[in-house]
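Q: coords25.txt is the file, holding compact mmCIF, C-alpha atoms:
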```txt
# COMPACT_ATOMS: atom_id res chain seq x y z
CA MET A 16 20.86 -20.91 19.88
CA ASN A 17 21.91 -17.27 19.45
CA ILE A 18 19.44 -14.89 21.12
CA LYS A 19 19.06 -12.84 17.94
CA VAL A 20 18.12 -15.97 15.97
CA ARG A 21 15.58 -16.99 18.63
CA LEU A 22 13.96 -13.57 18.63
CA ALA A 23 13.99 -13.46 14.83
CA LEU A 24 12.06 -16.75 14.72
CA MET A 25 9.58 -15.39 17.26
CA ASN A 26 8.97 -12.34 15.08
CA PHE A 27 8.72 -14.50 11.95
CA ILE A 28 5.86 -16.57 13.38
CA GLU A 29 4.23 -13.58 15.10
CA PHE A 30 3.68 -11.71 11.87
CA ALA A 31 3.14 -14.79 9.72
CA ILE A 32 -0.02 -15.31 11.81
CA TRP A 33 -1.27 -11.86 10.82
CA GLY A 34 -0.15 -12.05 7.21
CA ALA A 35 -2.32 -15.11 6.61
CA TYR A 36 -5.49 -13.02 6.57
CA LEU A 37 -4.87 -9.31 7.14
CA THR A 38 -4.49 -8.19 3.52
CA CYS A 39 -6.87 -10.68 1.89
CA MET A 40 -9.70 -10.91 4.42
CA GLY A 41 -11.55 -8.16 2.56
CA MET A 42 -11.72 -10.34 -0.55
CA TYR A 43 -13.08 -13.29 1.45
CA LEU A 44 -15.70 -11.11 3.11
CA SER A 45 -16.72 -9.69 -0.26
CA ARG A 46 -17.16 -13.22 -1.64
CA ILE A 47 -19.56 -14.20 1.16
CA GLY A 48 -21.65 -11.03 0.90
CA MET A 49 -20.08 -8.94 3.68
CA ALA A 50 -18.40 -6.23 1.58
CA SER A 51 -20.26 -3.49 3.46
CA GLU A 52 -18.96 -4.86 6.77
CA ILE A 53 -15.24 -4.99 5.93
CA GLY A 54 -14.59 -1.83 7.90
CA TYR A 55 -16.12 -3.32 11.03
CA PHE A 56 -13.76 -6.29 10.95
CA PHE A 57 -10.73 -4.03 10.76
CA ALA A 58 -12.21 -1.61 13.27
CA MET A 59 -12.47 -4.47 15.77
CA GLN A 60 -8.70 -4.93 15.56
CA GLY A 61 -8.45 -1.30 16.54
CA PHE A 62 -11.16 -1.41 19.18
CA VAL A 63 -9.60 -4.27 21.14
CA SER A 64 -6.24 -2.54 20.82
CA ILE A 65 -7.62 0.38 22.79
CA PHE A 66 -7.63 -1.63 26.00
CA MET A 67 -6.21 -5.15 25.52
CA PRO A 68 -2.52 -4.25 24.90
CA ALA A 69 -2.55 -1.89 27.87
CA ILE A 70 -4.21 -4.47 30.11
CA MET A 71 -1.89 -7.25 29.00
CA GLY A 72 1.09 -4.94 29.36
CA ILE A 73 0.10 -4.29 32.97
CA VAL A 74 -0.33 -8.02 33.59
CA ALA A 75 3.08 -8.70 32.02
CA ASP A 76 4.75 -6.05 34.17
CA ARG A 77 3.11 -7.17 37.41
CA TRP A 78 1.90 -10.77 37.45
CA ILE A 79 2.68 -13.00 34.44
CA PRO A 80 6.07 -12.85 32.66
CA ALA A 81 5.73 -11.33 29.20
CA GLN A 82 6.98 -14.41 27.32
CA ARG A 83 4.50 -16.66 29.16
CA LEU A 84 1.59 -14.28 28.62
CA LEU A 85 2.53 -14.07 24.95
CA GLY A 86 2.01 -17.82 24.65
CA TYR A 87 -1.34 -17.84 26.46
CA CYS A 88 -2.65 -15.07 24.21
CA HIS A 89 -1.66 -17.00 21.09
CA LEU A 90 -3.28 -20.17 22.35
CA LEU A 91 -6.63 -18.42 22.79
CA ALA A 92 -6.27 -16.44 19.54
CA GLY A 93 -5.59 -19.65 17.63
CA ILE A 94 -8.55 -21.52 19.12
CA PHE A 95 -11.04 -18.81 18.19
CA MET A 96 -9.51 -18.35 14.74
CA PHE A 97 -10.12 -22.07 14.16
CA ALA A 98 -13.70 -21.54 15.32
CA ALA A 99 -14.17 -18.69 12.83
CA ALA A 100 -12.75 -20.88 10.05
CA TYR A 101 -15.05 -23.77 10.97
CA TYR A 102 -18.08 -21.50 10.91
CA GLY A 103 -17.02 -20.15 7.51
CA TYR A 104 -16.56 -23.71 6.25
CA THR A 105 -19.98 -24.95 7.40
CA SER A 106 -21.91 -21.81 6.42
CA GLY A 107 -20.34 -20.82 3.10
CA THR A 108 -22.09 -17.85 1.52
CA GLU A 109 -24.88 -18.20 4.09
CA ALA A 110 -22.56 -17.11 6.91
CA ARG A 111 -24.12 -14.55 9.21
CA PHE A 112 -22.19 -11.43 10.10
CA PRO A 113 -22.86 -11.46 13.90
CA ILE A 114 -21.54 -15.01 14.42
CA LEU A 115 -18.44 -14.75 12.22
CA TYR A 116 -17.73 -11.30 13.62
CA LEU A 117 -17.95 -12.50 17.23
CA LEU A 118 -15.55 -15.43 16.72
CA TYR A 119 -13.12 -13.27 14.78
CA SER A 120 -13.34 -10.50 17.39
CA VAL A 121 -12.41 -12.77 20.30
CA SER A 122 -9.44 -14.09 18.33
CA VAL A 123 -8.03 -10.65 17.51
CA ALA A 124 -8.73 -9.50 21.08
CA PHE A 125 -6.01 -11.91 22.18
CA TYR A 126 -3.78 -11.46 19.13
CA MET A 127 -3.42 -7.66 19.13
CA PRO A 128 -1.73 -7.47 22.57
CA THR A 129 0.98 -9.82 21.31
CA LEU A 130 2.31 -7.11 19.00
CA ALA A 131 3.41 -5.17 22.08
CA LEU A 132 4.37 -8.27 24.07
CA THR A 133 6.79 -9.48 21.39
CA ASN A 134 8.49 -6.08 21.52
CA SER A 135 8.76 -6.30 25.31
CA VAL A 136 10.18 -9.83 25.14
CA ALA A 137 12.70 -8.80 22.51
CA TYR A 138 13.80 -5.58 24.22
CA ASN A 139 14.18 -7.38 27.55
CA ALA A 140 16.23 -10.23 26.04
CA LEU A 141 18.47 -7.85 24.11
CA THR A 142 19.02 -5.67 27.16
CA GLN A 143 19.91 -8.69 29.30
CA ALA A 144 22.39 -9.75 26.61
CA GLY A 145 24.03 -6.32 26.80
CA LEU A 146 22.94 -5.30 23.29
CA ASP A 147 21.70 -1.90 22.10
CA THR A 148 18.03 -2.25 21.19
CA VAL A 149 18.12 0.53 18.57
CA LYS A 150 20.90 -1.26 16.67
CA ALA A 151 19.95 -4.88 17.35
CA PHE A 152 16.16 -4.85 17.11
CA PRO A 153 15.48 -3.65 13.53
CA PRO A 154 17.35 -6.58 11.85
CA ILE A 155 15.42 -8.96 14.12
CA ARG A 156 12.09 -7.27 13.33
CA VAL A 157 12.84 -7.74 9.60
CA PHE A 158 12.05 -11.41 10.02
CA GLY A 159 8.56 -10.52 11.19
CA THR A 160 7.91 -8.89 7.84
CA ILE A 161 9.46 -11.84 6.03
CA GLY A 162 7.04 -14.12 7.89
CA PHE A 163 4.16 -11.85 6.89
CA ILE A 164 5.22 -12.04 3.24
CA CYS A 165 5.61 -15.83 3.34
CA THR A 166 2.04 -16.43 4.48
CA MET A 167 0.71 -13.81 2.04
CA TRP A 168 2.31 -15.77 -0.80
CA PHE A 169 1.26 -19.08 0.69
CA VAL A 170 -2.45 -18.24 0.92
CA ASP A 171 -2.35 -16.66 -2.54
CA LEU A 172 -0.67 -19.58 -4.29
CA MET A 173 -2.83 -22.10 -2.40
CA GLY A 174 -5.99 -20.28 -3.43
CA PHE A 175 -6.89 -19.35 0.16
CA SER A 176 -7.12 -15.58 -0.45
CA THR A 177 -10.87 -15.72 -0.91
CA THR A 178 -11.70 -18.61 1.45
CA TYR A 179 -11.92 -19.44 5.16
CA MET A 180 -8.65 -21.37 4.84
CA GLN A 181 -6.73 -18.15 5.51
CA PHE A 182 -8.14 -18.35 9.06
CA VAL A 183 -7.05 -21.99 9.37
CA THR A 184 -3.51 -21.01 8.34
CA SER A 185 -3.44 -18.26 10.95
CA GLY A 186 -4.78 -20.56 13.67
CA ILE A 187 -2.16 -23.23 13.06
CA LEU A 188 0.66 -20.70 13.32
CA SER A 189 -0.79 -19.29 16.55
CA ILE A 190 -0.61 -22.71 18.17
CA VAL A 191 2.96 -23.15 16.90
CA LEU A 192 3.99 -19.87 18.52
CA PHE A 193 2.27 -20.85 21.76
CA PHE A 194 4.60 -23.83 22.06
CA TYR A 195 7.62 -21.81 20.94
CA THR A 196 7.19 -19.24 23.73
CA PHE A 197 8.25 -21.92 26.24
CA THR A 198 11.77 -21.66 24.77
CA LEU A 199 12.07 -17.88 25.11
CA PRO A 200 14.14 -16.08 27.78
CA ALA A 201 12.22 -15.24 30.96
CA CYS A 202 11.12 -11.63 31.42
CA PRO A 203 11.31 -10.15 34.93
CA LEU A 204 8.30 -8.85 36.81
CA ALA A 205 8.33 -5.55 38.66
CA PRO A 206 10.05 -5.90 42.06
CA LYS A 207 7.79 -7.00 44.90
CA GLY A 208 7.86 -5.99 48.52
CA GLU A 209 7.80 -2.22 48.39
CA LYS A 210 4.59 -0.49 49.36
CA LYS A 211 2.67 0.70 46.34
CA SER A 212 -0.45 2.71 45.77
CA LEU A 213 -3.35 1.16 43.85
CA TYR A 214 -2.31 3.33 40.90
CA GLU A 215 1.19 1.83 40.96
CA SER A 216 0.01 -1.72 41.64
CA LEU A 217 -2.11 -1.66 38.49
CA GLY A 218 0.86 -0.46 36.47
CA LEU A 219 -0.92 2.70 35.38
CA GLN A 220 2.27 4.76 35.57
CA ALA A 221 2.53 4.51 31.78
CA PHE A 222 -0.46 6.84 31.47
CA SER A 223 1.49 9.45 33.42
CA LEU A 224 3.49 9.92 30.23
CA PHE A 225 0.63 12.12 29.06
CA ARG A 226 1.74 14.68 31.67
CA GLU A 227 4.78 15.39 29.54
CA LYS A 228 3.86 17.72 26.70
CA LYS A 229 6.27 16.07 24.27
CA MET A 230 4.95 12.59 25.00
CA ALA A 231 1.31 13.68 24.99
CA ILE A 232 1.69 15.22 21.54
CA PHE A 233 3.60 12.16 20.35
CA PHE A 234 0.84 9.78 21.45
CA ILE A 235 -1.94 11.97 20.04
CA PHE A 236 -0.31 12.12 16.63
CA SER A 237 0.45 8.41 16.87
CA ALA A 238 -3.30 7.87 17.05
CA MET A 239 -3.92 10.24 14.14
CA LEU A 240 -1.35 8.50 11.98
CA GLY A 241 -2.61 5.15 13.23
CA MET A 242 -5.83 5.94 11.39
CA CYS A 243 -3.93 5.20 8.18
CA LEU A 244 -2.67 1.76 9.25
CA GLN A 245 -5.66 -0.43 8.41
CA ILE A 246 -7.04 1.54 5.45
CA THR A 247 -4.99 -0.17 2.77
CA ASN A 248 -5.05 -3.49 4.64
CA GLY A 249 -8.84 -3.39 4.47
CA TYR A 250 -9.45 -1.86 1.06
CA ALA A 251 -6.38 -2.13 -1.19
CA ALA A 252 -6.98 -5.80 -2.05
CA PRO A 253 -10.74 -5.41 -2.77
CA TYR A 254 -9.87 -2.30 -4.81
CA ILE A 255 -7.30 -4.12 -6.97
CA ASP A 256 -9.62 -7.14 -7.17
CA SER A 257 -12.42 -4.89 -8.48
CA PHE A 258 -10.48 -4.45 -11.73
CA ALA A 259 -11.46 -8.04 -12.54
CA SER A 260 -14.79 -6.68 -13.76
CA ILE A 261 -12.99 -4.64 -16.44
CA PRO A 262 -12.10 -6.93 -19.40
CA GLU A 263 -8.78 -5.24 -20.22
CA TYR A 264 -7.50 -5.84 -16.67
CA ALA A 265 -9.19 -9.13 -15.77
CA SER A 266 -6.30 -11.35 -16.87
CA THR A 267 -3.45 -9.20 -15.56
CA PHE A 268 -1.04 -10.63 -12.96
CA GLY A 269 -2.11 -8.05 -10.38
CA VAL A 270 -5.76 -9.08 -10.55
CA GLN A 271 -4.98 -12.80 -10.68
CA HIS A 272 -2.54 -12.59 -7.75
CA VAL A 273 -3.62 -9.61 -5.68
CA ASN A 274 -1.87 -10.80 -2.54
CA ILE A 275 1.46 -11.28 -4.28
CA LEU A 276 1.30 -7.80 -5.81
CA TYR A 277 0.36 -6.38 -2.42
CA SER A 278 3.25 -8.24 -0.78
CA LEU A 279 5.65 -5.79 -2.45
CA SER A 280 4.60 -3.47 0.39
CA GLN A 281 6.02 -5.91 2.90
CA VAL A 282 9.17 -6.46 0.80
CA SER A 283 9.73 -2.72 0.95
CA GLU A 284 9.03 -2.80 4.68
CA THR A 285 11.75 -5.42 5.11
CA CYS A 286 14.33 -3.18 3.47
CA CYS A 287 13.25 0.02 5.19
CA ILE A 288 13.52 -1.45 8.69
CA LEU A 289 17.28 -1.66 8.20
CA LEU A 290 17.42 2.10 7.52
CA ILE A 291 15.89 3.04 10.87
CA PRO A 292 19.06 3.14 13.03
CA PHE A 293 20.73 5.50 10.56
CA PHE A 294 17.73 7.83 10.25
CA MET A 295 16.99 7.83 13.98
CA LYS A 296 20.59 8.77 14.80
CA ARG A 297 21.02 11.35 12.06
CA TYR A 298 17.60 13.03 11.96
CA GLY A 299 15.76 12.21 15.22
CA ILE A 300 12.23 11.03 15.91
CA LYS A 301 10.44 14.12 14.57
CA SER A 302 12.00 13.98 11.13
CA VAL A 303 11.56 10.21 10.91
CA MET A 304 7.87 10.52 11.82
CA LEU A 305 7.41 13.31 9.27
CA ILE A 306 8.94 11.17 6.55
CA ALA A 307 6.44 8.45 7.45
CA MET A 308 3.49 10.84 7.33
CA PHE A 309 4.29 12.17 3.90
CA ALA A 310 4.99 8.64 2.67
CA TRP A 311 1.36 7.86 3.55
CA VAL A 312 0.30 10.74 1.31
CA LEU A 313 2.10 9.10 -1.61
CA ARG A 314 0.88 5.62 -0.64
CA PHE A 315 -2.77 6.60 -1.04
CA ALA A 316 -2.24 8.92 -4.01
CA PHE A 317 -0.44 6.36 -6.18
CA LEU A 318 -3.01 3.67 -5.37
CA GLY A 319 -5.75 5.97 -6.63
CA LEU A 320 -3.85 6.87 -9.80
CA GLY A 321 -2.75 3.36 -10.72
CA ASN A 322 -4.28 0.29 -12.35
CA PRO A 323 -3.15 -3.34 -12.93
CA GLY A 324 -2.34 -2.75 -16.61
CA MET A 325 0.63 -1.12 -18.31
CA PRO A 326 1.89 1.43 -17.43
CA GLY A 327 -0.55 1.96 -14.53
CA VAL A 328 0.80 -1.00 -12.62
CA PHE A 329 4.03 0.92 -12.02
CA LEU A 330 2.06 3.43 -9.95
CA PHE A 331 0.78 0.52 -7.88
CA ILE A 332 4.37 -0.68 -7.46
CA ILE A 333 5.52 2.79 -6.33
CA SER A 334 2.69 2.83 -3.82
CA MET A 335 3.84 -0.53 -2.47
CA VAL A 336 7.44 0.67 -2.23
CA VAL A 337 6.65 3.83 -0.23
CA TYR A 338 4.55 1.75 2.18
CA GLY A 339 7.77 0.42 3.71
CA VAL A 340 8.76 3.95 4.68
CA ALA A 341 5.22 4.87 5.75
CA PHE A 342 4.89 1.90 8.09
CA ASP A 343 8.41 1.37 9.46
CA PHE A 344 9.40 4.97 10.00
CA PHE A 345 6.29 5.38 12.11
CA ASN A 346 5.58 2.05 13.77
CA ILE A 347 9.06 0.68 14.48
CA SER A 348 10.71 4.04 15.18
CA GLY A 349 7.84 5.02 17.46
CA SER A 350 8.20 1.80 19.42
CA LEU A 351 11.94 2.39 19.85
CA PHE A 352 11.30 5.99 20.91
CA VAL A 353 8.87 4.83 23.59
CA ASP A 354 11.34 2.21 24.79
CA LYS A 355 14.12 4.81 25.13
CA THR A 356 11.98 7.40 26.93
CA THR A 357 10.31 5.17 29.56
CA HIS A 358 11.56 3.43 32.70
CA PRO A 359 12.19 -0.35 32.42
CA THR A 360 9.60 -1.07 35.14
CA ILE A 361 6.80 0.20 32.87
CA ARG A 362 8.28 -1.01 29.58
CA SER A 363 5.44 -3.42 28.74
CA SER A 364 2.80 -0.93 29.89
CA ALA A 365 4.29 1.85 27.78
CA GLN A 366 4.50 -0.39 24.70
CA GLY A 367 0.88 -1.37 25.32
CA LEU A 368 -0.06 2.30 25.49
CA PHE A 369 1.66 3.00 22.17
CA VAL A 370 -0.17 0.10 20.50
CA MET A 371 -3.41 1.30 22.09
CA MET A 372 -3.03 4.75 20.53
CA THR A 373 -1.95 3.49 17.09
CA ASN A 374 -3.55 0.10 16.46
CA GLY A 375 -6.33 0.88 18.94
CA ILE A 376 -7.88 4.33 18.88
CA GLY A 377 -6.28 5.34 15.60
CA ALA A 378 -7.06 2.16 13.68
CA THR A 379 -10.63 1.99 15.01
CA VAL A 380 -11.50 5.52 13.95
CA GLY A 381 -9.60 5.07 10.70
CA SER A 382 -11.37 1.81 9.77
CA LEU A 383 -14.84 3.16 10.53
CA GLY A 384 -14.07 6.44 8.80
CA ALA A 385 -12.71 4.60 5.76
CA GLN A 386 -15.84 2.44 5.59
CA ALA A 387 -17.96 5.61 5.67
CA VAL A 388 -15.91 7.15 2.85
CA VAL A 389 -16.18 3.96 0.76
CA ASN A 390 -19.92 3.63 1.40
CA TYR A 391 -20.45 7.30 0.48
CA ASN A 392 -18.75 6.69 -2.86
CA THR A 393 -20.63 3.45 -3.57
CA VAL A 394 -23.59 3.48 -5.94
CA GLU A 395 -25.54 0.26 -6.56
CA GLY A 396 -22.69 -1.85 -5.24
CA VAL A 397 -20.00 -0.19 -7.39
CA VAL A 398 -17.33 1.91 -5.65
CA ASN A 399 -15.93 5.06 -7.25
CA TRP A 400 -12.43 4.57 -5.89
CA SER A 401 -10.72 7.76 -7.12
CA PRO A 402 -12.28 10.17 -4.56
CA VAL A 403 -11.81 7.53 -1.87
CA TRP A 404 -8.02 7.46 -2.22
CA THR A 405 -7.89 11.24 -2.69
CA THR A 406 -9.67 11.72 0.64
CA PHE A 407 -7.21 9.45 2.43
CA SER A 408 -4.21 11.18 0.84
CA VAL A 409 -5.39 14.67 1.81
CA TYR A 410 -5.98 13.52 5.39
CA ALA A 411 -2.40 12.21 5.69
CA LEU A 412 -1.09 15.49 4.27
CA LEU A 413 -2.96 17.56 6.86
CA VAL A 414 -1.71 15.34 9.70
CA GLY A 415 1.88 15.70 8.49
CA ILE A 416 1.71 19.48 8.29
CA SER A 417 0.13 19.72 11.76
CA PHE A 418 2.77 17.43 13.27
CA ALA A 419 5.58 19.51 11.78
CA LEU A 420 4.18 22.63 13.44
CA VAL A 421 3.26 21.18 16.85
CA PHE A 422 5.77 18.45 17.83
CA ARG A 423 8.98 20.04 19.10
CA PRO A 424 10.96 17.67 21.34
CA GLN A 425 13.87 19.29 23.19
CA LYS A 426 16.18 16.46 22.14
CA GLU A 427 15.39 14.59 18.96
CA GLU A 428 18.35 12.23 18.76
CA ILE A 429 18.18 8.77 20.25
CA PRO A 430 21.67 7.55 21.16
CA VAL A 431 22.95 4.58 19.18
```
For the file at hand, write its structure as structure tokens.
A:
Amino acid sequence: MNIKVRLALMNFIEFAIWGAYLTCMGMYLSRIGMASEIGYFFAMQGFVSIFMPAIMGIVADRWIPAQRLLGYCHLLAGIFMFAAAYYGYTSGTEARFPILYLLYSVSVAFYMPTLALTNSVAYNALTQAGLDTVKAFPPIRVFGTIGFICTMWFVDLMGFSTTYMQFVTSGILSIVLFFYTFTLPACPLAPKGEKKSLYESLGLQAFSLFREKKMAIFFIFSAMLGMCLQITNGYAAPYIDSFASIPEYASTFGVQHVNILYSLSQVSETCCILLIPFFMKRYGIKSVMLIAMFAWVLRFAFLGLGNPGMPGVFLFIISMVVYGVAFDFFNISGSLFVDKTTHPTIRSSAQGLFVMMTNGIGATVGSLGAQAVVNYNTVEGVVNWSPVWTTFSVYALLVGISFALVFRPQKEEIPV
């Protein structure tokens, strides 16, 4: 089978696993009385990303081939996701936060490193095949978003958006990917034999990237922009779902099928990935990152201004469309930038570091901060959403302006 097709299928399943619950978990938690804890669930994804991707990246560089480690992580993630689903099934609305949170946390602790590992596997395979990663990877990564969309639609149409069955769906796909990893090309380990310091043996060279001013600033702003990543994943669906309490919106398509409406974000993401090679070559990493930052401003602003009715739903749709630019021009371009500016021997470690800064530190602070903002604007269980989205939009604007003034790489273009 063509290597591009094999990697596309890997990405499809990888993100289908996440799409089963990421955007609708907030609705399920709200239904079982854990609305005030939504932020903690999304913060855990960030917290484990602070150290797990980096650790697994080191392991993949030094001891266990990346494709094999990818499979082991999915096996464990799937088992604990099944456990979380079983607890939700047996407990119903009596589910206790500590138990469900623990099972979920262990699952995502092993899932989050796979986001970096799949990149490492893909970049390695493409490089071995003599292909340019900047040109070849984005079309492959598109299938990850397609997988994400497919499970979003599946759980919505099956009625799983507000039940534990979204966890079951995710667990099944994790086990499928575990078996599929045995068919992937082998990734090399770092050469053995030469004398290394403890620092080198642990693969910590990736952290030396902070010694370079350009890279240090890049990673710091990656964390700051990473604070935006889980905000809409955690709160957009509960926000749209809250319109069900307003009679004029209760029967609208958006309220009845929140996940399908939200999936327009991923449809946009699919299209925008294909624009990355052109923008990276023509404008460079700084301009691409700036476009992403200001897209986040619009993402939050249009969510706050819209509603599921007519014509307000068009503002929701615009918000979903700009998400593709906001996510891809930051996440995918950033990953490619890291790949092009680091040595192959620390490729997995460097990708792990990027995920740690974005989905780790950034997402953790962002999720907890978002929960605080939502709680502050909640009175007797009812959220005043307008100031919530305004706060998020202003934050993204300030980050974008700061990045424009501070980040000045000597060479912005990545060769394609």
Q: Looking at only C-alpha atoms, which of A:Asn392, A:Asn134, A:Ser408, A:Ser176 is the one that sits closest to His272 of chain A?
A: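 The closest residue to His272 of chain A is A:Ser176.
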Q: Which residue gives the smallest distance to Met242 of chain A among A:Tyr104, A:Phe342, A:Phe169, A:Phe125, with only C-alpha atoms counted?
A: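 Closest residue, counting only C-alpha atoms: A:Phe342.
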Q: The residues within 6 Å of (-1.0, -5.6, -13.0), using all atoms listed in the file and the coordinates of the file, should be reported as an MDAnalysis selection string; which are they?
A: chainID A and resid 267:269 323:324 328
Q: Counting only C-alpha atoms, find the residues whose atoms lie at most 8 Å from (-6.7, 5.1, -4.8) (file coordinates) and write them out as a list in words.
A: Phe315, Ala316, Phe317, Leu318, Gly319, Leu320, Gly321, Trp400, Ser401, Pro402, Val403, Trp404 and Thr405 of chain A
Q: Restricting the calculation to all atoms listed in the file: of A:Ser45, A:Thr356, A:Gln281, A:Ser350, which residue gets closest to Met371 of chain A?
A: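 The shortest atom-to-atom distance to Met371 of chain A comes from A:Ser350.
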Q: Near segment 256-260 of chain A, within 8 Å and counting all atoms listed in the file, which residues show up once chain neighbours fewer than 6 positions away are dropped, as a PyMOL selection string?
A: chain A and resi 42+266+270+273+322-323
Q: For segment 64-67 of chain A, find every residue with an atom within 6 Å (counting only C-alpha atoms), except residues of its own chain fewer than 5 positions away, and show them as a PDB file with C-alpha atoms, keeping the file's coordinate frame.
A:
```pdb
ATOM      1  CA  PRO A 128      -1.730  -7.470  22.570  1.00  0.00           C
ATOM      2  CA  MET A 371      -3.410   1.300  22.090  1.00  0.00           C
ATOM      3  CA  ASN A 374      -3.550   0.100  16.460  1.00  0.00           C
ATOM      4  CA  GLY A 375      -6.330   0.880  18.940  1.00  0.00           C
ATOM      5  CA  ILE A 376      -7.880   4.330  18.880  1.00  0.00           C
TER       6      ILE A 376
END
```
Q: Nearest to Arg423 of chain A among A:Val397, A:Val340, A:Ser302, A:Met372, with distances taken over all atoms listed in the file: which residue is it?
A: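 Of A:Val397, A:Val340, A:Ser302, A:Met372, the one nearest Arg423 of chain A, counting all atoms listed in the file, is A:Ser302.
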Q: Please measure the separation of atom CA of Tyr391 of chain A and atom CA of Thr177 of chain A, giving the value in Å to one decimal.
A: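 The value is 25.0 Å.
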Q: Tell me, in Å to one decimal, how far atom CA of Ala69 of chain A is from atom CA of Ala387 of chain A.
A: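 According to the coordinates, atom CA of Ala69 of chain A and atom CA of Ala387 of chain A are separated by 28.0 Å.
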Q: Just give me the gap between atom CA of Gly54 of chain A and atom CA of Ile246 of chain A in Å, one decimal is fine.
A: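 Answer for the atom CA of Gly54 of chain A to atom CA of Ile246 of chain A separation: 8.6 Å.
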Q: Please determine, counting all atoms listed in the file, which residue among A:Val409, A:Ile18, A:Leu276, A:Val353 has the shortest atom-to-atom distance to Leu146 of chain A.
A: A:Ile18
Q: Compile the contact shell of segment 31-33 of chain A as a PyMOL selection string: residues with an atom at most 7 Å away, counting only C-alpha atoms, same-chain residues fewer than 5 positions apart removed.
A: chain A and resi 162-163+165-166+185+188-189
Q: For segment 413-422 of chain A, find every residue with an atom within 12 Å (counting only C-alpha atoms), except residues of its own chain fewer than 6 positions away, and show them as JSON, numbers by chain.
A: {"A": [228, 229, 230, 231, 232, 233, 234, 235, 236, 237, 238, 239, 240, 241, 242, 243, 300, 301, 302, 303, 304, 305, 306, 307, 308, 309, 310, 311, 312, 341, 345, 406, 407]}
Q: Find, counting all atoms listed in the file, the residue in A:Ile347, A:Val157, A:Val394, A:Ala100 that gets nearest to Val370 of chain A.
A: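 Under the stated criterion, the closest residue is A:Ile347.
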Q: Would you place a box with edges along x, y and z of the file around all atoms of segment 129-138 of chain A listed there, add 5 Å to each of its six sides, and report the centre and edge lengths in Å to one decimal, as lines of an AutoDock Vina configuration file?
A:
```
center_x = 7.4
center_y = -7.5
center_z = 22.2
size_x = 22.8
size_y = 14.7
size_z = 16.3
```
Q: Find the residues near Arg156 of chain A: any atom within 10 Å, counting all atoms listed in the file, skip ones fewer than 6 places away on the same chain, and give them as a PyMOL selection string.
A: chain A and resi 22-27+30+133-134+137+285+288-289+347
Q: Reconstruct segment 103-114 of chain A at the level of N, CA and C atoms, and format the result as a JSON list (two decimals), keeping the file's coordinate frame.
A:
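Result written to selection_30.json:
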```
[["chain", "number", "residue", "atom", "x", "y", "z"],
["A", 103, "GLY", "N", -17.06, -20.51, 8.92],
["A", 103, "GLY", "CA", -17.02, -20.15, 7.51],
["A", 103, "GLY", "C", -17.13, -21.36, 6.61],
["A", 104, "TYR", "N", -16.52, -22.47, 7.03],
["A", 104, "TYR", "CA", -16.56, -23.71, 6.25],
["A", 104, "TYR", "C", -17.97, -24.29, 6.20],
["A", 105, "THR", "N", -18.65, -24.33, 7.34],
["A", 105, "THR", "CA", -19.98, -24.95, 7.40],
["A", 105, "THR", "C", -21.07, -24.05, 6.85],
["A", 106, "SER", "N", -20.85, -22.73, 6.84],
["A", 106, "SER", "CA", -21.91, -21.81, 6.42],
["A", 106, "SER", "C", -21.76, -21.32, 4.99],
["A", 107, "GLY", "N", -20.54, -21.29, 4.47],
["A", 107, "GLY", "CA", -20.34, -20.82, 3.10],
["A", 107, "GLY", "C", -20.84, -19.40, 2.91],
["A", 108, "THR", "N", -21.56, -19.18, 1.81],
["A", 108, "THR", "CA", -22.09, -17.85, 1.52],
["A", 108, "THR", "C", -23.30, -17.50, 2.38],
["A", 109, "GLU", "N", -23.75, -18.45, 3.20],
["A", 109, "GLU", "CA", -24.88, -18.20, 4.09],
["A", 109, "GLU", "C", -24.40, -17.74, 5.47],
["A", 110, "ALA", "N", -23.11, -17.53, 5.62],
["A", 110, "ALA", "CA", -22.56, -17.11, 6.91],
["A", 110, "ALA", "C", -23.21, -15.80, 7.36],
["A", 111, "ARG", "N", -23.50, -15.74, 8.64],
["A", 111, "ARG", "CA", -24.12, -14.55, 9.21],
["A", 111, "ARG", "C", -23.05, -13.67, 9.86],
["A", 112, "PHE", "N", -23.17, -12.39, 9.60],
["A", 112, "PHE", "CA", -22.19, -11.43, 10.10],
["A", 112, "PHE", "C", -22.00, -11.49, 11.61],
["A", 113, "PRO", "N", -23.06, -11.50, 12.44],
["A", 113, "PRO", "CA", -22.86, -11.46, 13.90],
["A", 113, "PRO", "C", -22.01, -12.63, 14.42],
["A", 114, "ILE", "N", -22.25, -13.83, 13.90],
["A", 114, "ILE", "CA", -21.54, -15.01, 14.42],
["A", 114, "ILE", "C", -20.07, -14.98, 14.00]]
```
